[in-house]
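Okay, structure first, notes after.
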Amino acid sequence: MNDKPGTLDPAYGQNGIATPPADPPTPDVRSLQVTALCADADGSLVYYGLNPGEDLPYRFARLDPDGHYPSDGGHVIVQPDEHYPDGSQHCPALFRTTLAERTVYLAAGQPAYFEESTDRVLNYISVARFDEQFQLVPSFGEHGMALPDPGEPWIPIPSGEQSKRRSAHPGITRSPRPIQSHVIGVSDGVIRVIFPQMTEDAFGDPVITARILLLDADSGEQVAGLGEHGEQSALDLTDEDGNPLNVYLAHFLPGGGFIVLAERVDGRMVLKRYEVNGLVRRSFAGGAVELDLFSYTDGLRPGLAVDDSRIVITRAISSKALEPTTVFCFDLEGERDSEFNDGQPLTLKPADGGLVLNRVGIDTHARIVLAGDHLTRQQGMLCVARLERSGALDKGFADGGYFEMGRDLISAGGLFLDPDAIRVASQFPTFQGAFLDRAIKLLA
């Protein structure tokens with residue numbers, strides 16, 4: 001048996017590749033259309049998504065640690081609820097945690113509201129709490145879902161109505177920028193969620209404001225803890241002049257503070273660290289408050305990973321220009337990590353194309369794992385790379401530091417690291433133009 005790091009684990013799924021099936025399962029034909037996923041402590045992958053071609057209902061599915069669909073538990077349907085505004089059950093982020101020694105899944109949603117006088121649409125935030133059997137916890141929020149009030153003048157859009165309003169007021173669908181993913185964390189019994197509040201201006205152009213919100217983990221009610229005096233439950237994340245930030249990626253630290261990679265209104269990408277009260281850490285980056293990294297470029301696909309000692313950022317461009325991936329490494333105070341590539345950014349680029357390594361993780365040996373696309377002028381293919389702590393390619397990993405899937409898989413929708421395994425959520429292109437979800441397991 002080949003046990004070389006960076007090679008497919010033949011015991012996982014079918015020769016290292018597994019499929020989250022549609023409901024009912026149609027093996028090797030159609031997979032669940034995944035909107036969010038997370039990993040369980042045992043290495044299982046938990047999926048949230050839809051059957052192909054359906055709008056509702058959403059479903060949970062699980063692939064066990066060996067990449068198999070459990071015979072003792074199939075899909076779990078999330079029943080639509082007319083109490084919720086439209087979009088509440090569309091989940092762009094899924095987070096697993098433990099509360100009172102029980103496994104809990106928190107799902108962020110995008111409930112829709114409208115302004116009666118202008119018919120503008122607002123996408124705000126909801127958080128649903130599921131138990132270990134993927135059942136809503138009725139004591140949390142409204143029937144298992146917390147629905148923070150966005151305030152006046154916003155009125156909830158009934159289920160199934162958002163698309164009709166969007167057809168006349170497309171708003172954020174015209175945004176040329178990648179929209180921030182929702183990020184969830186839990187500390188001291190408080191759910192913390194960073195999300196994009198999305199609406200339109202008078203001309204129908206998108207307006208995106210990043211916010212942080214605090215909820216009680218038991219009741220789902222908003223709780224105070226933000227602001228200079230800790231009296232607020234929600235805050236906008238802005239630059240020093242009060243302009244909104246487009247937060248692309250974020251990471252919660254154990255104590256409730258957090259780190260964000262964001263775009264300022266001038267188009268510069270910056271790294272910022274915030275205290276537990278949601279205010280910026282003034283000592284970060286030697287007192288500069290933020291690190292100015294690079295300019296936004298069309299096709300930008302950045303990556304972010306944080307452990308207990310360092311911050312890793314990748315700059316990658318998904319375009320026909322076949323750009324490299326650049327890796328930056330800092331300590332938690334925003335100083336360049338001198339142990340990584342002598343403190344300088346590292347450029348990764350194969351001879352025959354470009355790399356879009358926008359999924360990043362740091363393993364228990366402080367090695368940096370990156371996943372994404374290897375692009376050539378003919379095709380894209382899934383690529384996984386591993387760097388030593390020093391930034392040198394790990395030559396013992398796969399083929400000189402790189403694993404590639406050829407034409408079988410493209411992109412990386414998720415990266416999960418275990419001491420003995422690397423799991424990557426990816427997609428498989430079909431002749432019909434659709435993309436089916438897959439997962440691979442590499443030996444670590």
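Every chain in the structure tokens has a letter given in the order shown (A, B, ...), and although residue numbers restart at 1 in each chain, ligands are simply numbered from 1 in the order shown.
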Sort by chain and increasing residue number a table of all residues of stretch 257-286 of chain A within 10 Å of stretch 220-237 of chain A, each with its closest pair of atoms and their distance in Å to one decimal, counting only C-alpha atoms, and write it as a tab-separated table.
```
residue	atom	partner	partner_atom	distance
A:Val260	CA	A:Leu237	CA	9.7
A:Ala262	CA	A:Leu237	CA	9.7
A:Tyr274	CA	A:Leu237	CA	9.7
A:Glu275	CA	A:Leu226	CA	9.4
A:Val276	CA	A:Leu226	CA	7.5
A:Asn277	CA	A:Leu226	CA	4.2
A:Gly278	CA	A:Leu226	CA	5.5
A:Leu279	CA	A:Gly227	CA	6.5
A:Val280	CA	A:Leu237	CA	9.1
```
Take the residues that were just selected and, keeping all heavy atoms, output them as a PDB file, in the first residue's frame.
```
ATOM      1  N   VAL A 260      -9.537  40.057  10.291  1.00  0.00           N
ATOM      2  CA  VAL A 260     -10.254  40.139   9.013  1.00  0.00           C
ATOM      3  C   VAL A 260      -9.298  40.521   7.899  1.00  0.00           C
ATOM      4  O   VAL A 260      -8.324  41.244   8.093  1.00  0.00           O
ATOM      5  CB  VAL A 260     -11.422  41.153   9.059  1.00  0.00           C
ATOM      6  CG1 VAL A 260     -12.393  40.831  10.179  1.00  0.00           C
ATOM      7  CG2 VAL A 260     -10.926  42.583   9.164  1.00  0.00           C
ATOM      8  N   ALA A 262      -9.860  42.454   4.440  1.00  0.00           N
ATOM      9  CA  ALA A 262     -10.943  43.281   3.913  1.00  0.00           C
ATOM     10  C   ALA A 262     -10.449  44.217   2.826  1.00  0.00           C
ATOM     11  O   ALA A 262      -9.259  44.530   2.735  1.00  0.00           O
ATOM     12  CB  ALA A 262     -11.581  44.084   5.044  1.00  0.00           C
ATOM     13  N   TYR A 274      -9.145  42.778  15.577  1.00  0.00           N
ATOM     14  CA  TYR A 274     -10.130  43.412  16.442  1.00  0.00           C
ATOM     15  C   TYR A 274     -10.125  42.766  17.819  1.00  0.00           C
ATOM     16  O   TYR A 274      -9.882  41.567  17.962  1.00  0.00           O
ATOM     17  CB  TYR A 274     -11.528  43.294  15.838  1.00  0.00           C
ATOM     18  CG  TYR A 274     -11.741  44.132  14.601  1.00  0.00           C
ATOM     19  CD1 TYR A 274     -11.257  43.707  13.363  1.00  0.00           C
ATOM     20  CD2 TYR A 274     -12.422  45.336  14.652  1.00  0.00           C
ATOM     21  CE1 TYR A 274     -11.454  44.464  12.216  1.00  0.00           C
ATOM     22  CE2 TYR A 274     -12.627  46.102  13.515  1.00  0.00           C
ATOM     23  CZ  TYR A 274     -12.137  45.664  12.303  1.00  0.00           C
ATOM     24  OH  TYR A 274     -12.337  46.421  11.175  1.00  0.00           O
ATOM     25  N   GLU A 275     -10.435  43.580  18.825  1.00  0.00           N
ATOM     26  CA  GLU A 275     -10.556  43.084  20.191  1.00  0.00           C
ATOM     27  C   GLU A 275     -11.917  42.404  20.365  1.00  0.00           C
ATOM     28  O   GLU A 275     -12.795  42.466  19.490  1.00  0.00           O
ATOM     29  CB  GLU A 275     -10.421  44.235  21.193  1.00  0.00           C
ATOM     30  CG  GLU A 275      -9.160  45.064  21.028  1.00  0.00           C
ATOM     31  CD  GLU A 275      -7.894  44.358  21.491  1.00  0.00           C
ATOM     32  OE1 GLU A 275      -7.974  43.153  21.820  1.00  0.00           O
ATOM     33  OE2 GLU A 275      -6.828  44.991  21.505  1.00  0.00           O
ATOM     34  N   VAL A 276     -12.143  41.787  21.514  1.00  0.00           N
ATOM     35  CA  VAL A 276     -13.380  41.064  21.781  1.00  0.00           C
ATOM     36  C   VAL A 276     -14.593  41.990  21.737  1.00  0.00           C
ATOM     37  O   VAL A 276     -15.711  41.554  21.451  1.00  0.00           O
ATOM     38  CB  VAL A 276     -13.284  40.319  23.132  1.00  0.00           C
ATOM     39  CG1 VAL A 276     -13.214  41.314  24.289  1.00  0.00           C
ATOM     40  CG2 VAL A 276     -14.452  39.355  23.319  1.00  0.00           C
ATOM     41  N   ASN A 277     -14.400  43.286  21.970  1.00  0.00           N
ATOM     42  CA  ASN A 277     -15.514  44.234  21.931  1.00  0.00           C
ATOM     43  C   ASN A 277     -15.791  44.781  20.525  1.00  0.00           C
ATOM     44  O   ASN A 277     -16.612  45.682  20.360  1.00  0.00           O
ATOM     45  CB  ASN A 277     -15.282  45.400  22.899  1.00  0.00           C
ATOM     46  CG  ASN A 277     -14.045  46.216  22.555  1.00  0.00           C
ATOM     47  OD1 ASN A 277     -13.349  45.929  21.574  1.00  0.00           O
ATOM     48  ND2 ASN A 277     -13.750  47.222  23.357  1.00  0.00           N
ATOM     49  N   GLY A 278     -15.112  44.241  19.527  1.00  0.00           N
ATOM     50  CA  GLY A 278     -15.359  44.642  18.157  1.00  0.00           C
ATOM     51  C   GLY A 278     -14.634  45.900  17.715  1.00  0.00           C
ATOM     52  O   GLY A 278     -14.851  46.366  16.597  1.00  0.00           O
ATOM     53  N   LEU A 279     -13.777  46.446  18.562  1.00  0.00           N
ATOM     54  CA  LEU A 279     -12.992  47.618  18.196  1.00  0.00           C
ATOM     55  C   LEU A 279     -11.602  47.191  17.756  1.00  0.00           C
ATOM     56  O   LEU A 279     -11.067  46.175  18.217  1.00  0.00           O
ATOM     57  CB  LEU A 279     -12.899  48.587  19.382  1.00  0.00           C
ATOM     58  CG  LEU A 279     -14.238  49.120  19.913  1.00  0.00           C
ATOM     59  CD1 LEU A 279     -13.998  50.101  21.061  1.00  0.00           C
ATOM     60  CD2 LEU A 279     -15.055  49.776  18.803  1.00  0.00           C
ATOM     61  N   VAL A 280     -11.003  47.978  16.867  1.00  0.00           N
ATOM     62  CA  VAL A 280      -9.713  47.583  16.303  1.00  0.00           C
ATOM     63  C   VAL A 280      -8.636  47.553  17.374  1.00  0.00           C
ATOM     64  O   VAL A 280      -8.670  48.317  18.344  1.00  0.00           O
ATOM     65  CB  VAL A 280      -9.284  48.521  15.156  1.00  0.00           C
ATOM     66  CG1 VAL A 280     -10.200  48.365  13.972  1.00  0.00           C
ATOM     67  CG2 VAL A 280      -9.221  49.958  15.618  1.00  0.00           C
TER      68      VAL A 280
END
```
Using only C-alpha atoms, find each residue in stretch 130-249 of chain A having at least one atom no more than 12 Å away from stretch 79-88 of chain A; report its shortest atom-to-atom pair and that distance in Å (one decimal), rows by chain then rising number, as a Markdown table.
```
| residue | atom | partner | partner_atom | distance |
| --- | --- | --- | --- | --- |
| A:Phe134 | CA | A:Gln79 | CA | 11.3 |
| A:Gln135 | CA | A:Gln79 | CA | 9.8 |
| A:Leu136 | CA | A:Gln79 | CA | 9.6 |
| A:Gly141 | CA | A:Tyr84 | CA | 11.1 |
| A:Glu142 | CA | A:His83 | CA | 8.1 |
| A:His143 | CA | A:His83 | CA | 8.5 |
| A:Gly144 | CA | A:Asp81 | CA | 10.4 |
| A:Met145 | CA | A:Tyr84 | CA | 8.4 |
| A:Ala146 | CA | A:Tyr84 | CA | 9.7 |
| A:Leu147 | CA | A:Tyr84 | CA | 8.1 |
| A:Pro148 | CA | A:Ser88 | CA | 11.3 |
| A:Asp149 | CA | A:Pro85 | CA | 11.3 |
| A:Trp154 | CA | A:Pro85 | CA | 11.4 |
| A:Ile155 | CA | A:Pro85 | CA | 9.2 |
| A:Pro156 | CA | A:Pro85 | CA | 5.4 |
| A:Ile157 | CA | A:Pro85 | CA | 5.4 |
| A:Pro158 | CA | A:Pro85 | CA | 5.2 |
| A:Ser159 | CA | A:Asp86 | CA | 4.1 |
| A:Gly160 | CA | A:Asp86 | CA | 5.9 |
| A:Glu161 | CA | A:Asp86 | CA | 6.7 |
| A:Gln162 | CA | A:Asp86 | CA | 6.2 |
| A:Ser163 | CA | A:Asp86 | CA | 9.2 |
| A:Lys164 | CA | A:Asp86 | CA | 11.2 |
| A:Arg165 | CA | A:Asp86 | CA | 11.2 |
| A:Arg166 | CA | A:Asp86 | CA | 12.0 |
```
Contacts between stretch 366-385 of chain A and stretch 242-332 of chain A, please, where a residue of stretch 242-332 of chain A counts if it comes within 10 Å (with only C-alpha atoms); show its shortest atom pair and distance in Å to one decimal, rows by chain and ascending number, as CSV.
```
residue,atom,partner,partner_atom,distance
A:Arg301,CA,A:Gly372,CA,9.8
A:Gly303,CA,A:Leu370,CA,8.8
A:Ala305,CA,A:Ile368,CA,8.9
A:Asp307,CA,A:Ala366,CA,8.6
A:Asp308,CA,A:Ala366,CA,9.9
A:Ser309,CA,A:Ala366,CA,9.3
A:Arg310,CA,A:Ala366,CA,9.2
A:Val312,CA,A:Ile368,CA,8.2
A:Thr314,CA,A:Leu370,CA,8.9
A:Ala316,CA,A:Gly372,CA,9.5
A:Ser318,CA,A:Leu375,CA,8.3
A:Ser319,CA,A:Leu375,CA,8.6
A:Lys320,CA,A:Arg377,CA,7.0
A:Ala321,CA,A:Arg377,CA,9.0
A:Leu322,CA,A:Leu375,CA,6.4
A:Glu323,CA,A:Leu375,CA,8.8
A:Pro324,CA,A:His374,CA,9.6
A:Thr325,CA,A:Leu370,CA,9.9
A:Val327,CA,A:Leu370,CA,9.7
```
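Nearest to A:Ser31 of all the residues A:Arg282, A:Arg438, A:Arg59, A:Lys272 is A:Arg438, based on only C-alpha atoms.
Going from atom CA of A:Phe340 to atom CA of A:Leu393 covers 11.6 Å.
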- Two-atom distance - atom CA of A:Val127, atom CA of A:Gln197 (Å):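 A separation of 14.1 Å between them.
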- Message: DSSP on the backbone, strand (DSSP E or B) only: what residues of stretch 236-313 of chain A does that give? Format it as a PyMOL selection string.
- Response: chain A and resi 236+238+244+246-252+258-263+268-274+280+290-295+300+303-306+310-313
Restrict the selected residues to N, CA and C atoms and save them as a compact mmCIF listing (two decimals), in the first residue's frame.
```txt
# COMPACT_ATOMS: atom_id res chain seq x y z
N ASP A 236 -21.00 47.90 12.87
CA ASP A 236 -20.44 47.90 11.53
C ASP A 236 -18.92 47.85 11.61
N THR A 238 -15.73 49.18 9.91
CA THR A 238 -15.41 50.28 9.01
C THR A 238 -13.92 50.58 9.05
N PRO A 244 -17.37 51.91 4.95
CA PRO A 244 -17.59 50.48 5.11
C PRO A 244 -16.44 49.66 4.55
N ASN A 246 -15.43 45.92 2.94
CA ASN A 246 -15.92 44.68 2.36
C ASN A 246 -15.02 43.57 2.90
N VAL A 247 -15.49 42.89 3.94
CA VAL A 247 -14.70 41.86 4.60
C VAL A 247 -14.82 40.56 3.80
N TYR A 248 -13.72 40.13 3.20
CA TYR A 248 -13.74 38.92 2.38
C TYR A 248 -13.62 37.67 3.25
N LEU A 249 -12.70 37.70 4.22
CA LEU A 249 -12.44 36.54 5.06
C LEU A 249 -12.21 36.99 6.49
N ALA A 250 -12.53 36.13 7.44
CA ALA A 250 -12.35 36.46 8.85
C ALA A 250 -12.07 35.20 9.63
N HIS A 251 -11.48 35.39 10.81
CA HIS A 251 -11.17 34.25 11.69
C HIS A 251 -11.35 34.71 13.13
N PHE A 252 -12.13 33.94 13.92
CA PHE A 252 -12.30 34.25 15.33
C PHE A 252 -11.20 33.60 16.15
N PHE A 258 -10.97 38.88 16.77
CA PHE A 258 -11.00 38.31 15.43
C PHE A 258 -10.08 39.08 14.50
N ILE A 259 -9.77 38.43 13.39
CA ILE A 259 -8.89 38.96 12.36
C ILE A 259 -9.66 38.97 11.05
N VAL A 260 -9.54 40.06 10.29
CA VAL A 260 -10.25 40.14 9.01
C VAL A 260 -9.30 40.52 7.90
N LEU A 261 -9.60 40.01 6.71
CA LEU A 261 -8.97 40.44 5.47
C LEU A 261 -10.06 41.16 4.68
N ALA A 262 -9.86 42.45 4.44
CA ALA A 262 -10.94 43.28 3.91
C ALA A 262 -10.45 44.22 2.83
N GLU A 263 -11.41 44.69 2.02
CA GLU A 263 -11.12 45.69 1.00
C GLU A 263 -11.64 47.04 1.46
N ARG A 268 -7.81 48.93 -1.73
CA ARG A 268 -6.68 48.24 -1.12
C ARG A 268 -7.16 47.13 -0.19
N MET A 269 -6.47 45.99 -0.25
CA MET A 269 -6.75 44.88 0.66
C MET A 269 -5.91 45.05 1.91
N VAL A 270 -6.57 44.98 3.08
CA VAL A 270 -5.86 45.21 4.34
C VAL A 270 -6.17 44.09 5.33
N LEU A 271 -5.26 43.88 6.25
CA LEU A 271 -5.41 42.92 7.33
C LEU A 271 -5.58 43.70 8.62
N LYS A 272 -6.62 43.37 9.40
CA LYS A 272 -6.90 44.08 10.64
C LYS A 272 -7.19 43.07 11.75
N ARG A 273 -6.87 43.46 12.98
CA ARG A 273 -7.21 42.64 14.13
C ARG A 273 -8.12 43.44 15.06
N TYR A 274 -9.15 42.78 15.58
CA TYR A 274 -10.13 43.41 16.44
C TYR A 274 -10.13 42.77 17.82
N VAL A 280 -11.00 47.98 16.87
CA VAL A 280 -9.71 47.58 16.30
C VAL A 280 -8.64 47.55 17.37
N GLU A 290 -3.51 48.62 10.83
CA GLU A 290 -3.81 47.66 9.78
C GLU A 290 -2.59 47.47 8.88
N LEU A 291 -2.54 46.32 8.23
CA LEU A 291 -1.50 46.03 7.25
C LEU A 291 -2.07 46.25 5.86
N ASP A 292 -1.46 47.14 5.10
CA ASP A 292 -1.84 47.38 3.70
C ASP A 292 -1.09 46.36 2.86
N LEU A 293 -1.83 45.45 2.22
CA LEU A 293 -1.22 44.31 1.56
C LEU A 293 -1.06 44.46 0.04
N PHE A 294 -2.17 44.65 -0.66
CA PHE A 294 -2.13 44.73 -2.12
C PHE A 294 -3.46 45.30 -2.61
N SER A 295 -3.51 45.65 -3.89
CA SER A 295 -4.73 46.21 -4.46
C SER A 295 -5.68 45.11 -4.90
N LEU A 300 -9.83 38.34 -8.05
CA LEU A 300 -9.12 38.06 -6.80
C LEU A 300 -9.81 36.97 -6.01
N GLY A 303 -7.00 33.95 0.36
CA GLY A 303 -7.13 32.91 1.37
C GLY A 303 -6.62 33.40 2.70
N LEU A 304 -7.09 32.79 3.79
CA LEU A 304 -6.70 33.19 5.14
C LEU A 304 -6.71 31.98 6.05
N ALA A 305 -5.66 31.83 6.86
CA ALA A 305 -5.61 30.81 7.91
C ALA A 305 -4.90 31.40 9.11
N VAL A 306 -5.33 31.02 10.30
CA VAL A 306 -4.75 31.53 11.55
C VAL A 306 -4.62 30.37 12.52
N ARG A 310 0.52 32.39 14.12
CA ARG A 310 0.76 33.06 12.85
C ARG A 310 -0.51 33.21 12.04
N ILE A 311 -0.43 34.17 11.12
CA ILE A 311 -1.49 34.45 10.16
C ILE A 311 -0.93 34.21 8.76
N VAL A 312 -1.62 33.41 7.97
CA VAL A 312 -1.19 33.13 6.60
C VAL A 312 -2.25 33.65 5.65
N ILE A 313 -1.82 34.40 4.65
CA ILE A 313 -2.72 34.98 3.64
C ILE A 313 -2.21 34.57 2.26
```
